[in-house]
$ cat target_23.cif   # mmCIF, C-alpha atoms
data_input
#
loop_
_atom_site.label_atom_id
_atom_site.label_comp_id
_atom_site.auth_asym_id
_atom_site.auth_seq_id
_atom_site.Cartn_x
_atom_site.Cartn_y
_atom_site.Cartn_z
CA MET A 848 127.53 3.91 146.15
CA THR A 849 124.62 4.72 148.48
CA SER A 850 123.58 2.07 150.99
CA TYR A 851 119.93 1.55 151.89
CA SER A 852 120.46 2.92 155.40
CA ASP A 853 122.20 6.03 153.98
CA ALA A 854 119.26 6.53 151.62
CA MET A 855 116.85 6.18 154.58
CA TYR A 856 118.73 8.76 156.68
CA GLN A 857 118.85 11.18 153.77
CA LEU A 858 115.11 10.73 153.18
CA MET A 859 114.41 11.42 156.88
CA ALA A 860 116.51 14.60 156.71
CA ASP A 861 114.67 15.71 153.56
CA ILE A 862 111.29 15.15 155.24
CA ILE A 863 112.32 17.12 158.33
CA GLU A 864 113.51 19.96 156.13
CA SER A 865 110.22 19.97 154.19
CA GLN A 866 108.25 20.05 157.47
CA SER A 867 110.18 23.09 158.65
CA PHE A 868 107.82 25.58 156.99
CA ILE A 869 104.84 23.92 158.73
CA PHE A 870 106.36 24.65 162.17
CA SER A 871 106.65 28.35 161.37
CA LYS A 872 102.85 28.61 160.97
CA HIS A 873 102.10 27.32 164.50
CA LYS A 874 102.77 28.34 168.10
CA ASN A 875 102.01 25.36 170.38
CA ILE A 876 103.66 22.23 169.04
CA LEU A 877 103.56 18.67 170.35
CA ILE A 878 106.30 16.36 169.10
CA ILE A 879 105.73 12.67 169.73
CA GLY A 880 109.05 10.81 169.72
CA LEU A 881 111.70 13.48 169.19
CA ASP A 882 114.65 12.79 166.92
CA ASN A 883 115.54 14.84 163.85
CA GLU A 884 112.79 17.38 164.68
CA ARG A 885 115.30 18.97 167.03
CA GLN A 886 116.83 20.66 163.97
CA ILE A 887 113.54 22.46 163.37
CA MET A 888 113.31 23.43 167.05
CA GLU A 889 116.72 25.07 166.71
CA LYS A 890 115.49 26.96 163.64
CA TYR A 891 112.37 28.19 165.53
CA PRO A 892 113.49 28.37 169.18
CA ASN A 893 110.70 30.72 170.38
CA LEU A 894 107.76 28.40 169.69
CA ASN A 895 106.11 26.51 172.57
CA TYR A 896 107.24 22.89 172.38
CA THR A 897 106.03 19.87 174.30
CA ILE A 898 108.00 16.69 173.71
CA VAL A 899 106.65 13.25 174.62
CA ASP A 900 109.26 10.52 174.36
CA LYS A 901 109.86 7.13 175.94
CA SER A 902 113.52 7.98 176.50
CA ASN A 903 114.68 10.70 178.89
CA LYS A 904 117.64 11.68 176.67
CA TYR A 905 115.78 14.83 175.52
CA GLN A 906 114.95 15.96 179.03
CA ASN A 907 117.35 18.95 179.08
CA LEU A 908 117.50 20.52 175.64
CA GLY A 909 117.78 24.09 176.87
CA PHE A 910 114.99 25.70 174.83
CA LYS A 911 113.17 28.64 176.39
CA CYS A 912 109.60 27.43 175.70
CA TYR A 913 109.97 23.71 176.19
CA ASN A 914 108.23 20.99 178.19
CA PHE A 915 109.45 17.39 178.26
CA ILE A 916 107.27 14.44 179.28
CA GLN A 917 108.81 10.99 179.53
CA CYS A 918 106.10 8.50 178.67
CA ASP A 919 105.71 5.11 177.01
CA LEU A 920 102.67 5.69 174.80
CA ASN A 921 101.93 1.97 174.75
CA GLU A 922 101.32 2.19 178.50
CA SER A 923 99.42 5.49 178.75
CA PHE A 924 98.94 8.91 177.21
CA PRO A 925 100.04 11.93 179.27
CA ASP A 926 97.43 14.26 180.73
CA LEU A 927 98.10 17.31 178.59
CA LYS A 928 96.23 20.46 179.64
CA LEU A 929 97.18 22.41 176.50
CA LYS A 930 95.65 22.16 173.02
CA PHE A 931 98.20 22.01 170.22
CA ASP A 932 98.19 23.80 166.86
CA LEU A 933 100.57 21.22 165.43
CA ILE A 934 101.25 17.62 166.42
CA ILE A 935 104.17 15.84 164.74
CA GLY A 936 104.55 12.07 164.94
CA ASN A 937 107.31 11.03 162.58
CA PHE A 938 108.00 7.29 162.47
CA ILE A 939 106.12 6.61 165.72
CA LEU A 940 102.85 5.05 164.56
CA GLU A 941 104.59 1.78 163.69
CA TYR A 942 105.47 1.32 167.38
CA ILE A 943 102.05 2.06 168.83
CA LYS A 944 100.08 -1.09 169.69
CA ASN A 945 96.61 0.45 170.05
CA LYS A 946 96.57 2.87 167.14
CA ARG A 947 92.87 3.72 167.47
CA LYS A 948 93.23 4.82 171.12
CA PHE A 949 96.42 6.72 170.29
CA LEU A 950 94.69 8.65 167.51
CA THR A 951 91.71 9.40 169.76
CA ASP A 952 94.12 10.73 172.41
CA LEU A 953 95.81 12.94 169.81
CA GLU A 954 92.46 14.25 168.57
CA LYS A 955 91.60 15.33 172.14
CA VAL A 956 94.68 17.58 172.38
CA LEU A 957 94.51 18.93 168.82
CA SER A 958 93.22 22.52 168.72
CA SER A 959 90.13 23.28 166.65
CA SER A 960 92.32 24.67 163.85
CA GLY A 961 95.22 22.28 164.53
CA GLU A 962 97.10 19.98 162.22
CA LEU A 963 98.50 16.49 162.77
CA ILE A 964 101.40 15.21 160.66
CA LEU A 965 102.27 11.51 160.72
CA CYS A 966 105.05 9.88 158.73
CA LEU A 967 105.56 6.15 158.52
CA TRP A 968 107.88 3.90 156.59
CA TYR A 969 106.24 2.55 153.46
CA HIS A 970 108.97 0.34 151.97
CA ASN A 971 108.31 -1.72 148.85
CA ARG A 972 104.60 -0.83 148.67
CA GLU A 973 102.53 1.11 146.21
CA LEU A 974 100.00 3.75 147.21
CA ASN A 975 96.70 2.99 145.49
CA ASN A 976 93.20 4.47 145.78
CA ASP A 977 91.83 1.48 147.71
CA PHE A 978 94.45 1.94 150.42
CA LYS A 979 93.81 5.71 150.54
CA ILE A 980 90.09 5.05 151.10
CA ARG A 981 90.85 2.52 153.86
CA LEU A 982 93.19 5.02 155.54
CA LYS A 983 90.55 7.76 155.45
CA LYS A 984 87.96 5.41 156.98
CA PHE A 985 90.39 4.31 159.69
CA PHE A 986 91.17 7.90 160.74
CA LYS A 987 87.52 8.95 160.49
CA LYS A 988 86.72 6.52 163.33
CA SER A 989 88.98 8.65 165.55
CA ASN A 990 87.27 11.91 164.43
CA LEU A 991 90.21 12.82 162.22
CA SER A 992 90.20 13.67 158.51
CA ILE A 993 93.16 13.17 156.21
CA TYR A 994 93.54 16.08 153.82
CA SER A 995 96.86 15.12 152.25
CA ILE A 996 98.43 11.74 151.56
CA GLU A 997 101.87 11.86 150.04
CA MET A 998 104.36 9.13 149.31
CA ILE A 999 107.89 10.48 149.49
CA GLU A 1000 110.56 8.39 147.84
CA GLY A 1001 114.23 8.47 148.70
CA LYS A 1002 117.30 7.90 146.59
CA ARG A 1003 117.29 4.63 144.65
CA VAL A 1004 119.75 2.00 145.88
CA LYS A 1005 121.09 0.33 142.73
CA GLU A 1006 122.26 -2.97 144.22
CA LEU A 1007 118.78 -3.54 145.70
CA SER A 1008 116.79 -1.97 142.84
CA LEU A 1009 114.59 -0.10 145.30
CA SER A 1010 114.41 3.08 147.31
CA PRO A 1011 113.12 3.85 150.80
CA ARG A 1012 109.61 5.28 150.94
CA VAL A 1013 107.69 7.25 153.52
CA LEU A 1014 103.98 7.85 153.67
CA GLN A 1015 103.24 11.34 155.03
CA LEU A 1016 99.70 12.03 156.24
CA GLN A 1017 98.43 15.52 157.00
CA ILE A 1018 95.34 15.41 159.18
CA LYS A 1019 92.83 17.76 160.78
CA GLY A 1020 90.22 17.01 163.41
CA ASP A 1021 86.62 16.60 162.24
CA LYS A 1022 85.75 19.77 164.10
CA ASN A 1023 87.92 21.58 161.51
CA GLU A 1024 86.75 22.67 158.09
CA LYS A 1025 86.84 19.69 155.72
CA ILE A 1026 89.52 20.05 153.08
CA MET A 1027 89.38 16.61 151.48
CA GLY A 1028 86.21 14.52 151.06
#
$ encode --input "target_23.cif" --output "structure tokens"
Amino acid sequence: MTSYSDAMYQLMADIIESQSFIFSKHKNILIIGLDNERQIMEKYPNLNYTIVDKSNKYQNLGFKCYNFIQCDLNESFPDLKLKFDLIIGNFILEYIKNKRKFLTDLEKVLSSSGELILCLWYHNRELNNDFKIRLKKFFKKSNLSIYSIEMIEGKRVKELSLSPRVLQLQIKGDKNEKIMG
């Protein structure tokens, strides 16, 4: 029988695997809060990675094109000189106190054709149109446009009659061509 935590870990692995093809389309990648994304880095070792993480445990990963910045994003945002084609922030937004400032900081380092992917836990909630509209308005205030909102559901845990859920947002800066109204 699958436990809820096992179902969560499997869902996280499935999400990372589904994001793998997105990495292959980009060159300069910023990963906020590295964890399972390391598997994708191993699959595409020649891309330019910048990792921002509160912990220093990812300081020496041994990738050729790799930059590590230890930083608590609730304290400050690093001064990044590079613009990124892809920014990945899986399961980090829940920990950020000032989400508006964080998103504005991300928008500043997102290249003009760049893409931002954010995943957050969405347990026991439904995704309705009202919430989608509120999300779009929230991101719009940071000059970001959501072009894909997807709820990804994990394996159902019978004894709890529920399954873990993740909300995945795919976002472009307003300076990019609008994909979704």
$ closest_atom_pairs --input "target_23.cif" --of "stretch 966-1013 of chain A" --to "stretch 949-953 of chain A" --cutoff "12 Å" --atoms "all atoms listed in the file" --output "JSON lines"
{"residue": "A:Phe985", "atom": "CA", "partner": "A:Leu950", "partner_atom": "CA", "distance": 9.9}
{"residue": "A:Phe986", "atom": "CA", "partner": "A:Leu950", "partner_atom": "CA", "distance": 7.7}
{"residue": "A:Lys987", "atom": "CA", "partner": "A:Leu950", "partner_atom": "CA", "distance": 10.0}
{"residue": "A:Lys988", "atom": "CA", "partner": "A:Thr951", "partner_atom": "CA", "distance": 8.6}
{"residue": "A:Ser989", "atom": "CA", "partner": "A:Thr951", "partner_atom": "CA", "distance": 5.1}
{"residue": "A:Asn990", "atom": "CA", "partner": "A:Thr951", "partner_atom": "CA", "distance": 7.4}
{"residue": "A:Leu991", "atom": "CA", "partner": "A:Leu950", "partner_atom": "CA", "distance": 8.1}
{"residue": "A:Ser992", "atom": "CA", "partner": "A:Leu950", "partner_atom": "CA", "distance": 11.2}
$ residues_around --input "target_23.cif" --residues "stretch 1014-1022 of chain A" --least-positions-apart "5" --cutoff "10 Å" --atoms "all atoms listed in the file" --output "JSON, numbers by chain"
{"A": [862, 933, 934, 935, 936, 937, 938, 953, 954, 955, 957, 958, 959, 960, 961, 962, 963, 964, 965, 966, 967, 968, 969, 970, 974, 982, 983, 986, 987, 989, 990, 991, 992, 993, 994, 995, 996, 997, 998, 999, 1000, 1027]}
$ closest_residue --input "target_23.cif" --among "A:Val899, A:Lys1005, A:Gln866, A:Gln857" --to "A:Glu884" --atoms "all atoms listed in the file"
A:Gln866
$ atom_distance --input "target_23.cif" --atom1 "atom CA of A:Asn976" --atom2 "atom CA of A:Ile939"
23.9 Å
$ residues_around --input "target_23.cif" --residues "A:Asn971" --least-positions-apart "4" --cutoff "8 Å" --atoms "all atoms listed in the file" --output "PDB file with C-alpha atoms, keeping the file's coordinate frame"
ATOM      1  CA  LEU A1009     114.590  -0.100 145.300  1.00  0.00           C
ATOM      2  CA  SER A1010     114.410   3.080 147.310  1.00  0.00           C
ATOM      3  CA  PRO A1011     113.120   3.850 150.800  1.00  0.00           C
ATOM      4  CA  ARG A1012     109.610   5.280 150.940  1.00  0.00           C
TER       5      ARG A1012
END
$ atom_distance --input "target_23.cif" --atom1 "atom CA of A:Gly880" --atom2 "atom CA of A:Gln917"
9.8 Å
$ residues_around --input "target_23.cif" --residues "A:Ala854" --least-positions-apart "2" --cutoff "9 Å" --atoms "all atoms listed in the file" --output "PDB file with C-alpha atoms, keeping the file's coordinate frame"
ATOM      1  CA  THR A 849     124.620   4.720 148.480  1.00  0.00           C
ATOM      2  CA  SER A 850     123.580   2.070 150.990  1.00  0.00           C
ATOM      3  CA  TYR A 851     119.930   1.550 151.890  1.00  0.00           C
ATOM      4  CA  SER A 852     120.460   2.920 155.400  1.00  0.00           C
ATOM      5  CA  TYR A 856     118.730   8.760 156.680  1.00  0.00           C
ATOM      6  CA  GLN A 857     118.850  11.180 153.770  1.00  0.00           C
ATOM      7  CA  LEU A 858     115.110  10.730 153.180  1.00  0.00           C
ATOM      8  CA  MET A 859     114.410  11.420 156.880  1.00  0.00           C
ATOM      9  CA  GLY A1001     114.230   8.470 148.700  1.00  0.00           C
ATOM     10  CA  LYS A1002     117.300   7.900 146.590  1.00  0.00           C
ATOM     11  CA  ARG A1003     117.290   4.630 144.650  1.00  0.00           C
ATOM     12  CA  VAL A1004     119.750   2.000 145.880  1.00  0.00           C
ATOM     13  CA  SER A1010     114.410   3.080 147.310  1.00  0.00           C
ATOM     14  CA  PRO A1011     113.120   3.850 150.800  1.00  0.00           C
TER      15      PRO A1011
END
$ resolve_selection --input "target_23.cif" --expression "the PyMOL selection byres ((chain A and resi 890) around 12)" --output "ChimeraX atom specification"
/A:863-864,866-868,870-871,884-889,891-894,910
$ write_last_selection --input "target_23.cif" --atoms "C-alpha atoms" --output "compact mmCIF listing (two decimals), in the frame of the given file"
# COMPACT_ATOMS: atom_id res chain seq x y z
CA ILE A 863 112.32 17.12 158.33
CA GLU A 864 113.51 19.96 156.13
CA GLN A 866 108.25 20.05 157.47
CA SER A 867 110.18 23.09 158.65
CA PHE A 868 107.82 25.58 156.99
CA PHE A 870 106.36 24.65 162.17
CA SER A 871 106.65 28.35 161.37
CA GLU A 884 112.79 17.38 164.68
CA ARG A 885 115.30 18.97 167.03
CA GLN A 886 116.83 20.66 163.97
CA ILE A 887 113.54 22.46 163.37
CA MET A 888 113.31 23.43 167.05
CA GLU A 889 116.72 25.07 166.71
CA TYR A 891 112.37 28.19 165.53
CA PRO A 892 113.49 28.37 169.18
CA ASN A 893 110.70 30.72 170.38
CA LEU A 894 107.76 28.40 169.69
CA PHE A 910 114.99 25.70 174.83
$ resolve_selection --input "target_23.cif" --expression "the PyMOL selection byres ((chain A and resi 920) around 10)" --output "MDAnalysis selection string"
chainID A and resid 879:880 899:901 917:919 921:925 939 942:945 949
$ closest_residue --input "target_23.cif" --among "A:Leu881, A:Val956, A:His873, A:Arg947" --to "A:Lys984" --atoms "all atoms listed in the file"
A:Arg947
$ atom_distance --input "target_23.cif" --atom1 "atom CA of A:Ile916" --atom2 "atom CA of A:Asn895"
13.9 Å
$ closest_residue --input "target_23.cif" --among "A:Tyr896, A:Asp926, A:Leu908, A:Asp932" --to "A:Lys872" --atoms "all atoms listed in the file"
A:Asp932
$ build_atoms --input "target_23.cif" --residues "stretch 996-1007 of chain A" --atoms "all heavy atoms" --output "mmCIF file, in the coordinates of the input"
data_model
loop_
_atom_site.group_PDB
_atom_site.id
_atom_site.type_symbol
_atom_site.label_atom_id
_atom_site.label_comp_id
_atom_site.auth_asym_id
_atom_site.auth_seq_id
_atom_site.Cartn_x
_atom_site.Cartn_y
_atom_site.Cartn_z
ATOM 1 N N ILE A 996 97.699 13.000 151.493
ATOM 2 C CA ILE A 996 98.430 11.740 151.560
ATOM 3 C C ILE A 996 99.526 11.832 150.516
ATOM 4 O O ILE A 996 99.240 12.011 149.331
ATOM 5 C CB ILE A 996 97.537 10.520 151.257
ATOM 6 C CG1 ILE A 996 96.380 10.430 152.252
ATOM 7 C CG2 ILE A 996 98.369 9.234 151.254
ATOM 8 C CD1 ILE A 996 95.361 9.346 151.915
ATOM 9 N N GLU A 997 100.755 11.729 150.969
ATOM 10 C CA GLU A 997 101.870 11.860 150.040
ATOM 11 C C GLU A 997 102.878 10.749 150.276
ATOM 12 O O GLU A 997 103.268 10.491 151.415
ATOM 13 C CB GLU A 997 102.540 13.224 150.233
ATOM 14 C CG GLU A 997 103.703 13.469 149.322
ATOM 15 C CD GLU A 997 104.383 14.815 149.572
ATOM 16 O OE1 GLU A 997 103.991 15.534 150.513
ATOM 17 O OE2 GLU A 997 105.326 15.114 148.837
ATOM 18 N N MET A 998 103.276 10.097 149.205
ATOM 19 C CA MET A 998 104.360 9.130 149.310
ATOM 20 C C MET A 998 105.630 9.849 148.878
ATOM 21 O O MET A 998 105.687 10.425 147.799
ATOM 22 C CB MET A 998 104.162 7.911 148.442
ATOM 23 C CG MET A 998 105.347 6.996 148.590
ATOM 24 S SD MET A 998 105.091 5.256 148.419
ATOM 25 C CE MET A 998 104.196 5.092 146.955
ATOM 26 N N ILE A 999 106.623 9.818 149.751
ATOM 27 C CA ILE A 999 107.890 10.480 149.490
ATOM 28 C C ILE A 999 108.935 9.387 149.303
ATOM 29 O O ILE A 999 109.105 8.530 150.161
ATOM 30 C CB ILE A 999 108.262 11.415 150.659
ATOM 31 C CG1 ILE A 999 107.116 12.398 150.916
ATOM 32 C CG2 ILE A 999 109.570 12.130 150.364
ATOM 33 C CD1 ILE A 999 107.224 13.143 152.217
ATOM 34 N N GLU A 1000 109.599 9.442 148.180
ATOM 35 C CA GLU A 1000 110.560 8.390 147.840
ATOM 36 C C GLU A 1000 111.975 8.922 147.947
ATOM 37 O O GLU A 1000 112.261 10.038 147.515
ATOM 38 C CB GLU A 1000 110.288 7.895 146.421
ATOM 39 C CG GLU A 1000 111.001 6.608 146.115
ATOM 40 C CD GLU A 1000 110.412 5.906 144.896
ATOM 41 O OE1 GLU A 1000 109.279 6.184 144.513
ATOM 42 O OE2 GLU A 1000 111.117 5.051 144.344
ATOM 43 N N GLY A 1001 112.830 8.111 148.537
ATOM 44 C CA GLY A 1001 114.230 8.470 148.700
ATOM 45 C C GLY A 1001 115.061 8.069 147.494
ATOM 46 O O GLY A 1001 114.543 7.590 146.475
ATOM 47 N N LYS A 1002 116.339 8.228 147.646
ATOM 48 C CA LYS A 1002 117.300 7.900 146.590
ATOM 49 C C LYS A 1002 117.301 6.395 146.324
ATOM 50 O O LYS A 1002 117.317 5.591 147.252
ATOM 51 C CB LYS A 1002 118.681 8.374 147.022
ATOM 52 C CG LYS A 1002 119.710 8.326 145.953
ATOM 53 C CD LYS A 1002 120.996 8.967 146.437
ATOM 54 C CE LYS A 1002 121.997 9.032 145.311
ATOM 55 N NZ LYS A 1002 123.222 9.701 145.736
ATOM 56 N N ARG A 1003 117.301 6.038 145.053
ATOM 57 C CA ARG A 1003 117.290 4.630 144.650
ATOM 58 C C ARG A 1003 118.632 3.973 144.983
ATOM 59 O O ARG A 1003 119.689 4.546 144.754
ATOM 60 C CB ARG A 1003 117.000 4.507 143.167
ATOM 61 C CG ARG A 1003 116.760 3.106 142.699
ATOM 62 C CD ARG A 1003 116.070 3.136 141.337
ATOM 63 N NE ARG A 1003 115.392 1.910 141.028
ATOM 64 C CZ ARG A 1003 114.259 1.488 141.574
ATOM 65 N NH1 ARG A 1003 113.664 2.208 142.464
ATOM 66 N NH2 ARG A 1003 113.711 0.357 141.219
ATOM 67 N N VAL A 1004 118.560 2.784 145.552
ATOM 68 C CA VAL A 1004 119.750 2.000 145.880
ATOM 69 C C VAL A 1004 119.908 0.956 144.782
ATOM 70 O O VAL A 1004 119.100 0.033 144.659
ATOM 71 C CB VAL A 1004 119.625 1.345 147.274
ATOM 72 C CG1 VAL A 1004 120.855 0.521 147.594
ATOM 73 C CG2 VAL A 1004 119.381 2.403 148.341
ATOM 74 N N LYS A 1005 120.943 1.144 143.948
ATOM 75 C CA LYS A 1005 121.090 0.330 142.730
ATOM 76 C C LYS A 1005 121.219 -1.163 143.007
ATOM 77 O O LYS A 1005 120.578 -1.972 142.358
ATOM 78 C CB LYS A 1005 122.290 0.814 141.922
ATOM 79 C CG LYS A 1005 122.050 2.156 141.286
ATOM 80 C CD LYS A 1005 123.242 2.607 140.490
ATOM 81 C CE LYS A 1005 122.960 3.989 139.934
ATOM 82 N NZ LYS A 1005 124.107 4.546 139.259
ATOM 83 N N GLU A 1006 122.037 -1.534 143.996
ATOM 84 C CA GLU A 1006 122.260 -2.970 144.220
ATOM 85 C C GLU A 1006 121.002 -3.687 144.706
ATOM 86 O O GLU A 1006 120.881 -4.894 144.571
ATOM 87 C CB GLU A 1006 123.434 -3.232 145.165
ATOM 88 C CG GLU A 1006 123.221 -2.841 146.604
ATOM 89 C CD GLU A 1006 123.620 -1.407 146.911
ATOM 90 O OE1 GLU A 1006 123.907 -0.639 145.989
ATOM 91 O OE2 GLU A 1006 123.629 -1.068 148.100
ATOM 92 N N LEU A 1007 120.030 -2.932 145.234
ATOM 93 C CA LEU A 1007 118.780 -3.540 145.700
ATOM 94 C C LEU A 1007 117.617 -3.257 144.746
ATOM 95 O O LEU A 1007 116.541 -3.821 144.903
ATOM 96 C CB LEU A 1007 118.415 -2.999 147.091
ATOM 97 C CG LEU A 1007 119.418 -3.281 148.197
ATOM 98 C CD1 LEU A 1007 118.998 -2.579 149.479
ATOM 99 C CD2 LEU A 1007 119.555 -4.776 148.427
#
